[in-house]
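Novice: What follows is coords28.cif, mmCIF, C-alpha atoms.
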```cif
data_protein
loop_
_atom_site.label_atom_id
_atom_site.label_comp_id
_atom_site.auth_asym_id
_atom_site.auth_seq_id
_atom_site.Cartn_x
_atom_site.Cartn_y
_atom_site.Cartn_z
CA MET O 275 24.82 25.69 6.94
CA THR O 276 23.18 22.73 8.70
CA ALA O 277 20.35 21.12 6.73
CA GLU O 278 16.90 21.58 8.26
CA LEU O 279 15.61 18.50 10.09
CA SER O 280 12.13 17.07 9.66
CA LEU O 281 10.27 14.21 11.31
CA LEU O 282 8.66 11.54 9.12
CA ALA O 283 6.27 8.74 10.06
CA ASP O 284 4.58 5.92 8.14
CA VAL O 285 1.62 4.71 10.21
CA GLY O 286 0.27 1.30 9.24
CA GLY O 287 -2.39 -0.83 10.84
CA THR O 288 0.17 -2.85 12.81
CA ASN O 289 3.39 -0.84 13.00
CA THR O 290 4.61 2.73 12.70
CA ARG O 291 7.97 3.60 11.21
CA VAL O 292 9.54 6.91 12.17
CA ALA O 293 12.63 8.62 10.79
CA LEU O 294 14.48 11.92 10.54
CA ALA O 295 15.27 13.67 7.28
CA ALA O 296 17.86 16.35 6.68
CA GLY O 297 17.37 18.66 3.72
CA GLY O 298 14.62 16.38 2.41
CA VAL O 299 16.81 13.23 2.46
CA ILE O 300 15.94 10.39 4.83
CA ASP O 301 18.55 9.46 7.40
CA ARG O 302 18.07 5.72 7.02
CA ALA O 303 20.14 5.04 10.13
CA SER O 304 17.49 6.89 12.12
CA VAL O 305 14.55 4.70 11.06
CA ARG O 306 12.78 2.99 13.95
CA ARG O 307 9.76 0.67 13.97
CA PHE O 308 7.18 0.70 16.78
CA ALA O 309 4.33 -1.74 17.43
CA ASN O 310 1.09 0.25 17.51
CA ALA O 311 -0.44 -2.10 20.07
CA ASP O 312 2.18 -0.96 22.60
CA HIS O 313 1.12 2.70 22.45
CA ALA O 314 -2.03 4.66 23.24
CA GLY O 315 -1.73 6.78 20.11
CA LEU O 316 0.62 8.24 17.54
CA GLY O 317 1.61 11.14 19.78
CA ALA O 318 3.10 8.66 22.25
CA VAL O 319 5.02 6.93 19.43
CA LEU O 320 6.52 10.17 18.11
CA ALA O 321 7.39 11.45 21.59
CA ARG O 322 9.18 8.18 22.35
CA PHE O 323 11.11 8.36 19.08
CA LEU O 324 12.22 11.94 19.74
CA ASP O 325 13.21 11.12 23.33
CA GLU O 326 15.32 8.19 22.16
CA ALA O 327 16.88 10.36 19.43
CA GLY O 328 17.88 13.04 21.94
CA ARG O 329 15.04 15.47 21.15
CA PRO O 330 16.43 16.88 17.87
CA ALA O 331 14.97 20.22 16.78
CA CYS O 332 12.68 19.50 13.81
CA ALA O 333 11.20 22.31 11.71
CA ALA O 334 8.34 20.21 10.32
CA ALA O 335 6.74 16.77 10.40
CA CYS O 336 4.82 14.73 7.84
CA ILE O 337 2.72 11.72 8.77
CA ALA O 338 1.54 9.09 6.26
CA VAL O 339 -1.54 7.28 7.60
CA ALA O 340 -3.25 4.06 6.48
CA GLY O 341 -6.69 5.64 6.52
CA PRO O 342 -8.78 8.50 5.14
CA VAL O 343 -7.74 12.12 5.75
CA GLU O 344 -10.42 14.80 5.99
CA ASP O 345 -9.68 18.46 6.75
CA GLY O 346 -6.14 17.45 7.69
CA ILE O 347 -7.26 14.89 10.30
CA ALA O 348 -6.88 11.16 9.71
CA ARG O 349 -8.59 8.13 11.18
CA LEU O 350 -6.59 4.91 11.05
CA THR O 351 -8.68 2.28 9.24
CA ASN O 352 -7.49 -0.80 11.13
CA ARG O 353 -6.93 0.74 14.59
CA ASP O 354 -8.92 3.17 16.72
CA TRP O 355 -6.49 6.08 16.35
CA ILE O 356 -7.31 9.63 15.28
CA ILE O 357 -4.33 11.52 13.84
CA ASP O 358 -4.79 15.22 14.58
CA PRO O 359 -1.97 17.63 13.54
CA ALA O 360 -2.70 19.96 16.47
CA GLU O 361 -2.38 17.09 18.95
CA LEU O 362 0.83 15.88 17.33
CA ALA O 363 2.27 19.39 17.44
CA ARG O 364 1.67 19.46 21.20
CA ALA O 365 3.17 15.99 21.68
CA THR O 366 6.31 16.72 19.66
CA GLY O 367 6.83 20.47 19.97
CA ILE O 368 6.90 20.72 16.17
CA GLY O 369 4.86 23.64 14.85
CA ARG O 370 4.27 22.47 11.27
CA VAL O 371 2.65 19.03 10.93
CA GLY O 372 1.19 17.63 7.69
CA VAL O 373 -0.94 14.48 7.43
CA LEU O 374 -1.31 12.43 4.25
CA ASN O 375 -3.00 9.19 3.33
CA ASP O 376 -0.20 6.60 3.13
CA LEU O 377 -0.84 5.93 -0.55
CA GLN O 378 -0.58 9.65 -1.27
CA ALA O 379 2.84 9.55 0.37
CA GLN O 380 3.78 6.64 -1.89
CA GLY O 381 2.66 8.71 -4.87
CA HIS O 382 4.86 11.63 -3.82
CA ALA O 383 7.78 9.18 -3.61
CA LEU O 384 7.68 7.99 -7.23
CA ASP O 385 10.12 10.60 -8.49
CA ARG O 386 12.58 9.67 -5.74
CA LEU O 387 12.73 5.93 -6.41
CA ASN O 388 15.93 4.41 -7.73
CA PRO O 389 15.52 2.28 -10.88
CA SER O 390 17.07 -0.58 -8.91
CA ASP O 391 14.06 -0.47 -6.57
CA LEU O 392 11.65 -1.34 -9.41
CA ASP O 393 10.96 -4.82 -10.78
CA GLN O 394 8.97 -4.82 -14.03
CA VAL O 395 5.98 -7.14 -13.84
CA ILE O 396 4.36 -6.26 -17.18
CA GLY O 397 6.03 -4.60 -20.15
CA VAL O 398 4.29 -2.49 -22.77
CA ARG O 399 3.53 -2.89 -26.43
CA ALA O 400 5.48 0.15 -27.64
CA SER O 401 8.82 1.60 -26.63
CA ARG O 402 7.70 5.22 -27.03
CA ALA O 403 8.21 7.64 -24.16
CA ARG O 404 5.52 7.20 -21.58
CA THR O 405 3.40 10.20 -20.67
CA GLY O 406 0.28 10.57 -18.57
CA ALA O 407 -0.87 9.53 -15.14
CA ARG O 408 0.83 7.07 -12.83
CA LEU O 409 -1.01 4.81 -10.39
CA VAL O 410 0.15 3.38 -7.07
CA VAL O 411 -1.61 0.26 -5.75
CA GLY O 412 -0.79 -0.75 -2.19
CA VAL O 413 -1.28 -4.27 -0.80
CA GLY O 414 -0.25 -4.74 2.82
CA THR O 415 -2.18 -4.70 6.09
CA GLY O 416 -4.88 -3.05 3.97
CA PHE O 417 -5.46 -2.17 0.31
CA ASN O 418 -5.62 1.22 -1.39
CA SER O 419 -4.54 3.16 -4.47
CA THR O 420 -3.68 6.69 -5.56
CA ALA O 421 -3.30 8.41 -8.91
CA VAL O 422 -0.36 10.74 -9.59
CA ILE O 423 -1.32 13.26 -12.27
CA ALA O 424 1.27 15.66 -13.66
CA GLY O 425 0.25 19.29 -14.08
CA PRO O 426 1.88 22.66 -14.79
CA GLY O 427 2.18 23.40 -11.06
CA GLY O 428 3.53 19.96 -10.16
CA SER O 429 1.96 16.58 -9.55
CA VAL O 430 -1.48 16.16 -8.02
CA VAL O 431 -1.69 13.05 -5.84
CA THR O 432 -5.28 11.98 -5.28
CA ALA O 433 -6.79 10.42 -2.16
CA SER O 434 -9.04 7.37 -2.26
CA GLU O 435 -10.31 4.36 -0.31
CA THR O 436 -10.45 1.81 -3.12
CA GLY O 437 -9.85 -1.07 -0.71
CA HIS O 438 -13.45 -0.72 0.36
CA THR O 439 -14.97 -0.98 -3.10
CA SER O 440 -16.71 -4.19 -4.19
CA LEU O 441 -14.70 -7.33 -4.77
CA PRO O 442 -14.87 -8.29 -8.48
CA LEU O 443 -16.86 -11.45 -9.14
CA ARG O 444 -16.03 -13.36 -12.33
CA THR O 445 -16.39 -17.03 -11.39
CA ASP O 446 -18.62 -19.24 -9.27
CA ASP O 447 -15.74 -19.49 -6.78
CA ASP O 448 -15.65 -15.70 -6.49
CA VAL O 449 -19.38 -15.59 -5.76
CA ARG O 450 -19.14 -18.25 -3.04
CA LEU O 451 -16.14 -16.48 -1.53
CA ALA O 452 -18.01 -13.17 -1.46
CA ARG O 453 -21.04 -14.74 0.19
CA HIS O 454 -18.76 -16.31 2.79
CA ILE O 455 -17.13 -12.94 3.57
CA GLU O 456 -20.51 -11.21 3.76
CA ALA O 457 -21.80 -13.77 6.25
CA ALA O 458 -18.66 -14.01 8.37
CA HIS O 459 -17.74 -10.35 8.63
CA HIS O 460 -19.69 -7.15 7.99
CA GLY O 461 -22.25 -7.96 5.32
CA PHE O 462 -20.15 -6.70 2.43
CA ALA O 463 -17.32 -8.26 0.42
CA GLY O 464 -14.75 -5.56 -0.29
CA VAL O 465 -11.43 -5.70 -2.07
CA GLU O 466 -9.42 -5.36 1.16
CA ASP O 467 -11.30 -8.30 2.69
CA VAL O 468 -9.27 -10.55 0.37
CA LEU O 469 -6.38 -8.49 -1.03
CA SER O 470 -4.47 -7.79 2.18
CA GLY O 471 -2.53 -9.73 4.78
CA ARG O 472 -5.63 -10.65 6.75
CA GLY O 473 -7.48 -11.17 3.50
CA LEU O 474 -4.95 -13.81 2.46
CA GLU O 475 -5.69 -15.64 5.71
CA ARG O 476 -9.44 -15.47 5.00
CA LEU O 477 -8.91 -16.73 1.45
CA TYR O 478 -6.80 -19.65 2.66
CA ALA O 479 -9.42 -20.61 5.27
CA TRP O 480 -12.14 -20.44 2.63
CA HIS O 481 -10.20 -22.69 0.24
CA ALA O 482 -9.65 -25.11 3.13
CA ALA O 483 -13.39 -25.15 3.87
CA GLU O 484 -14.14 -25.74 0.19
CA ALA O 485 -11.86 -28.78 0.39
CA GLY O 486 -13.64 -30.06 3.52
CA ARG O 487 -10.82 -29.02 5.86
CA ALA O 488 -10.60 -26.62 8.80
CA ASP O 489 -7.05 -25.36 8.21
CA ARG O 490 -6.08 -21.90 9.44
CA ALA O 491 -2.69 -20.20 9.12
CA PRO O 492 -1.18 -16.73 9.50
CA ALA O 493 -0.23 -14.87 6.33
CA GLN O 494 3.50 -15.27 6.98
CA ALA O 495 3.18 -19.05 7.18
CA ILE O 496 1.05 -19.17 4.03
CA MET O 497 3.68 -17.18 2.12
CA ALA O 498 6.49 -19.39 3.45
CA ALA O 499 4.65 -22.49 2.22
CA MET O 500 4.05 -20.79 -1.12
CA ASP O 501 7.75 -20.06 -1.46
CA SER O 502 8.57 -23.70 -0.65
CA GLY O 503 5.96 -25.08 -3.06
CA GLY O 504 4.20 -28.41 -3.09
CA ASP O 505 1.14 -27.56 -0.98
CA ALA O 506 -1.97 -27.79 -3.18
CA LEU O 507 -4.15 -25.76 -0.80
CA VAL O 508 -1.59 -22.95 -0.63
CA GLU O 509 -1.14 -23.03 -4.39
CA ALA O 510 -4.90 -22.69 -4.96
CA THR O 511 -5.04 -19.80 -2.49
CA GLY O 512 -2.11 -18.01 -4.12
CA ARG O 513 -3.49 -18.43 -7.61
CA HIS O 514 -6.89 -17.06 -6.56
CA PHE O 515 -5.27 -14.11 -4.75
CA VAL O 516 -3.14 -13.17 -7.74
CA ARG O 517 -6.04 -13.49 -10.18
CA LEU O 518 -8.16 -11.15 -8.08
CA LEU O 519 -5.24 -8.74 -7.67
CA GLY O 520 -4.73 -8.67 -11.44
CA ALA O 521 -8.45 -8.07 -12.02
CA VAL O 522 -8.61 -5.20 -9.51
CA ALA O 523 -5.39 -3.63 -10.81
CA GLY O 524 -6.80 -3.83 -14.34
CA ASP O 525 -10.03 -2.15 -13.24
CA LEU O 526 -8.03 0.66 -11.62
CA ALA O 527 -5.90 1.03 -14.74
CA LEU O 528 -9.01 1.55 -16.84
CA SER O 529 -10.25 4.11 -14.31
CA TYR O 530 -7.08 6.23 -14.33
CA LEU O 531 -5.23 5.29 -17.58
CA PRO O 532 -1.74 5.15 -16.03
CA PHE O 533 0.26 5.24 -19.28
CA SER O 534 3.35 6.18 -17.25
CA GLY O 535 3.04 3.09 -15.09
CA LEU O 536 1.18 1.24 -12.37
CA PHE O 537 3.29 0.64 -9.25
CA LEU O 538 2.54 -2.18 -6.80
CA ILE O 539 3.73 -1.43 -3.27
CA GLY O 540 3.37 -2.89 0.23
CA GLY O 541 4.65 -5.90 2.12
CA VAL O 542 2.08 -8.35 0.75
CA ALA O 543 2.67 -7.19 -2.83
CA ARG O 544 6.43 -7.70 -2.38
CA ALA O 545 5.90 -11.13 -0.85
CA PHE O 546 3.87 -12.16 -3.90
CA GLY O 547 6.48 -10.76 -6.30
CA PRO O 548 8.06 -14.14 -7.20
CA HIS O 549 4.61 -15.65 -7.79
CA LEU O 550 2.87 -12.98 -9.90
CA GLY O 551 4.05 -14.50 -13.17
CA ARG O 552 3.33 -18.15 -12.48
CA PHE O 553 -0.09 -17.40 -10.98
CA GLY O 554 -1.24 -15.35 -13.96
CA PHE O 555 -1.21 -11.71 -12.83
CA ALA O 556 -0.62 -10.38 -16.36
CA GLU O 557 -3.40 -12.54 -17.81
CA ALA O 558 -5.89 -11.41 -15.16
CA PHE O 559 -4.83 -7.78 -15.60
CA ALA O 560 -5.57 -7.95 -19.32
CA ASP O 561 -8.79 -9.98 -19.00
CA LYS O 562 -11.09 -7.12 -20.04
CA GLY O 563 -12.93 -8.59 -23.01
CA ARG O 564 -12.71 -6.45 -26.14
CA PHE O 565 -10.53 -3.98 -24.20
CA GLY O 566 -7.94 -6.68 -23.51
CA PRO O 567 -5.55 -5.46 -26.25
CA PHE O 568 -5.76 -1.94 -24.82
CA MET O 569 -4.30 -3.12 -21.49
CA ASP O 570 -0.79 -3.68 -22.84
CA GLN O 571 -0.21 0.07 -22.85
CA PHE O 572 0.20 0.14 -19.07
CA PRO O 573 3.59 -0.95 -17.68
CA VAL O 574 3.39 -2.50 -14.21
CA PHE O 575 6.21 -2.37 -11.66
CA LEU O 576 6.77 -3.82 -8.21
CA VAL O 577 8.35 -1.32 -5.81
CA GLU O 578 10.99 -2.98 -3.63
CA ASP O 579 11.85 0.10 -1.52
CA ASP O 580 10.22 -0.43 1.88
CA TYR O 581 10.92 3.21 2.82
CA ALA O 582 9.04 4.76 -0.10
CA ALA O 583 6.26 6.24 2.07
CA LEU O 584 8.85 7.99 4.23
CA ALA O 585 10.57 9.34 1.11
CA GLY O 586 7.19 10.59 -0.09
CA CYS O 587 6.66 12.43 3.19
CA ALA O 588 10.04 14.15 2.74
CA ALA O 589 9.15 15.06 -0.84
CA TYR O 590 5.80 16.47 0.28
CA LEU O 591 7.42 18.70 2.90
CA ALA O 592 9.88 19.98 0.30
CA THR O 593 7.06 21.21 -1.94
CA ALA O 594 4.21 22.02 0.45
#
```
As structure tokens, what does this structure read like?
Specialist:
Amino acid sequence: MTAELSLLADVGGTNTRVALAAGGVIDRASVRRFANADHAGLGAVLARFLDEAGRPACAAACIAVAGPVEDGIARLTNRDWIIDPAELARATGIGRVGVLNDLQAQGHALDRLNPSDLDQVIGVRASRARTGARLVVGVGTGFNSTAVIAGPGGSVVTASETGHTSLPLRTDDDVRLARHIEAAHHGFAGVEDVLSGRGLERLYAWHAAEAGRADRAPAQAIMAAMDSGGDALVEATGRHFVRLLGAVAGDLALSYLPFSGLFLIGGVARAFGPHLGRFGFAEAFADKGRFGPFMDQFPVFLVEDDYAALAGCAAYLATA
């Protein structure tokens, strides 16, 4: 018997990745990446993928979207796209279409990750078996998180928009940064305004201005300079980014108590992987005053699998 085919898509602010899955397993050779700017909407992306793949007959589709989902319809946060299952069904000819927030898809993927895809960032105080919630924190084009809570009927994967909560302010530098973001952008300093790819660029420009310079650089160039070392402005930017990331991750850990682990995902999180230790992520994560000792109960991992959202879509279709 031939395994049933499904169509999977991971829709980010910049690119969309599309793949086929057979029997709930991703065909990694089928994965294609499309620039969103080259297409009028997701329907056009999926139709192009199916045309190039020879129009395979898919029984279902699952779309992971970097934006809020309400009543099954998503609005992409960083692009003017509305993701409507009915419209996608017409564009693809697939009758069953599910839409998830991209972090929810990452949450559904946790049970499908290989141990080799996880780098431990923070260990835990005790070696006892871990039970309780898990938390996924995504840092890429945007920022978001989701809790994965085990229950008798299976895991519940929550939706949220934590990237648009208030940026934590602990130092005078943080306050000046927040005021700068408020004035330069939309009157509010949110987490995603700093902890994202574009946020890294803003943070670098702010540190340059603080030093009396007018330097600007794309995120990729900033990370390349960070990997090379020796640039004081880049080092200050990286240290500030990691401290804020640790503080936000710690806040989220206290909100959800992820005794079974907090999982960092996304391209920006992976790029910072080699620098989390030297820039003090663990110290910032645990910097919670009298609750500091409590924080060492939460193991933190960096997810290296770039296809986790697609795997989560396949897992969702298998259980929905």
Novice: Excluding Glu456 of chain O and residues on its chain fewer than 4 positions from it, collect all residues at most 12 Å away from it, counting all atoms listed in the file, and give them as a PDB file with C-alpha atoms, keeping the file's coordinate frame.
Specialist:
```pdb
ATOM      1  CA  SER O 440     -16.710  -4.190  -4.190  1.00  0.00           C
ATOM      2  CA  LEU O 441     -14.700  -7.330  -4.770  1.00  0.00           C
ATOM      3  CA  VAL O 449     -19.380 -15.590  -5.760  1.00  0.00           C
ATOM      4  CA  ARG O 450     -19.140 -18.250  -3.040  1.00  0.00           C
ATOM      5  CA  LEU O 451     -16.140 -16.480  -1.530  1.00  0.00           C
ATOM      6  CA  ALA O 452     -18.010 -13.170  -1.460  1.00  0.00           C
ATOM      7  CA  HIS O 460     -19.690  -7.150   7.990  1.00  0.00           C
ATOM      8  CA  GLY O 461     -22.250  -7.960   5.320  1.00  0.00           C
ATOM      9  CA  PHE O 462     -20.150  -6.700   2.430  1.00  0.00           C
ATOM     10  CA  ALA O 463     -17.320  -8.260   0.420  1.00  0.00           C
ATOM     11  CA  GLY O 464     -14.750  -5.560  -0.290  1.00  0.00           C
ATOM     12  CA  ASP O 467     -11.300  -8.300   2.690  1.00  0.00           C
ATOM     13  CA  VAL O 468      -9.270 -10.550   0.370  1.00  0.00           C
ATOM     14  CA  ARG O 476      -9.440 -15.470   5.000  1.00  0.00           C
TER      15      ARG O 476
END
```
Novice: Between atom CA of Arg306 of chain O and atom CA of Thr420 of chain O, measure the distance and give it in Å to one decimal.
Specialist: 25.8 Å
Novice: As an exercise, work out the distance from atom CA of Ser534 of chain O to atom CA of Phe553 of chain O in Å and give it to one decimal place.
Specialist: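 Here the two named atoms are 24.6 Å from each other.
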Novice: So what do you get for atom CA of Gly414 of chain O versus atom CA of Gly540 of chain O, distance-wise?
Specialist: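 For atom CA of Gly414 of chain O relative to atom CA of Gly540 of chain O, the distance reads 4.8 Å.
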Novice: Return as a PyMOL selection string the set of residues that the PyMOL selection byres ((chain O and resi 279) around 9) yields on the displayed structure.
Specialist: chain O and resi 276-278+280-281+294-298+330-334
Novice: I need the residue set behind the PyMOL selection byres ((chain O and resi 336) around 9) for this file; please write it as a ChimeraX atom specification.
Specialist: /O:280-284,334-335,337-338,370-374,584,587-588,590-591
Novice: Please expand the PyMOL selection byres ((chain O and resi 545) around 12) into the concrete residues it hits in this file, giving the result as a PyMOL selection string.
Specialist: chain O and resi 413-414+470-471+474+493-501+512+516+538-544+546-550+576-578+580
Novice: Would you pick out the contacts of segment 517-527 of chain O at 7 Å or less, using only C-alpha atoms, so that residues sharing its chain but fewer than 4 positions from it are not included, and give the list as a list in words?
Specialist: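 My reading of the contact set: Leu469, Arg513, Leu531, Pro532, Gly554, Phe555, Ala556, Ala558, Phe559 and Ala560 of chain O.
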Novice: Got a sec: who's within 12 Å of segment 408-410 of chain O, counting all atoms listed in the file, leaving out chain neighbours fewer than 2 positions off, as an NGL selection string?
Specialist: :O and (376-385 or 404-406 or 412-413 or 417-424 or 429-434 or 436 or 523-540 or 543 or 572-577 or 582-583)
Novice: Using all atoms listed in the file, can you list as JSON, numbers by chain the residues within 10 Å of (-2.8, -26.0, 2.0)?
Specialist: {"O": [478, 479, 481, 482, 485, 487, 489, 490, 491, 496, 499, 500, 504, 505, 506, 507, 508, 509, 510, 511]}
Novice: Could you check the closest approach to Arg349 of chain O for each of O:Gly315, O:Ala594, O:Asp393, O:Met569 and tell me which residue wins, using all atoms listed in the file?
Specialist: O:Gly315
Novice: Nearest to Gly341 of chain O: which of O:Ile357, O:Leu477, O:Ala407, O:Leu362 is it, counting all atoms listed in the file?
Specialist: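 With all atoms listed in the file as the atom set, the closest residue is O:Ile357.
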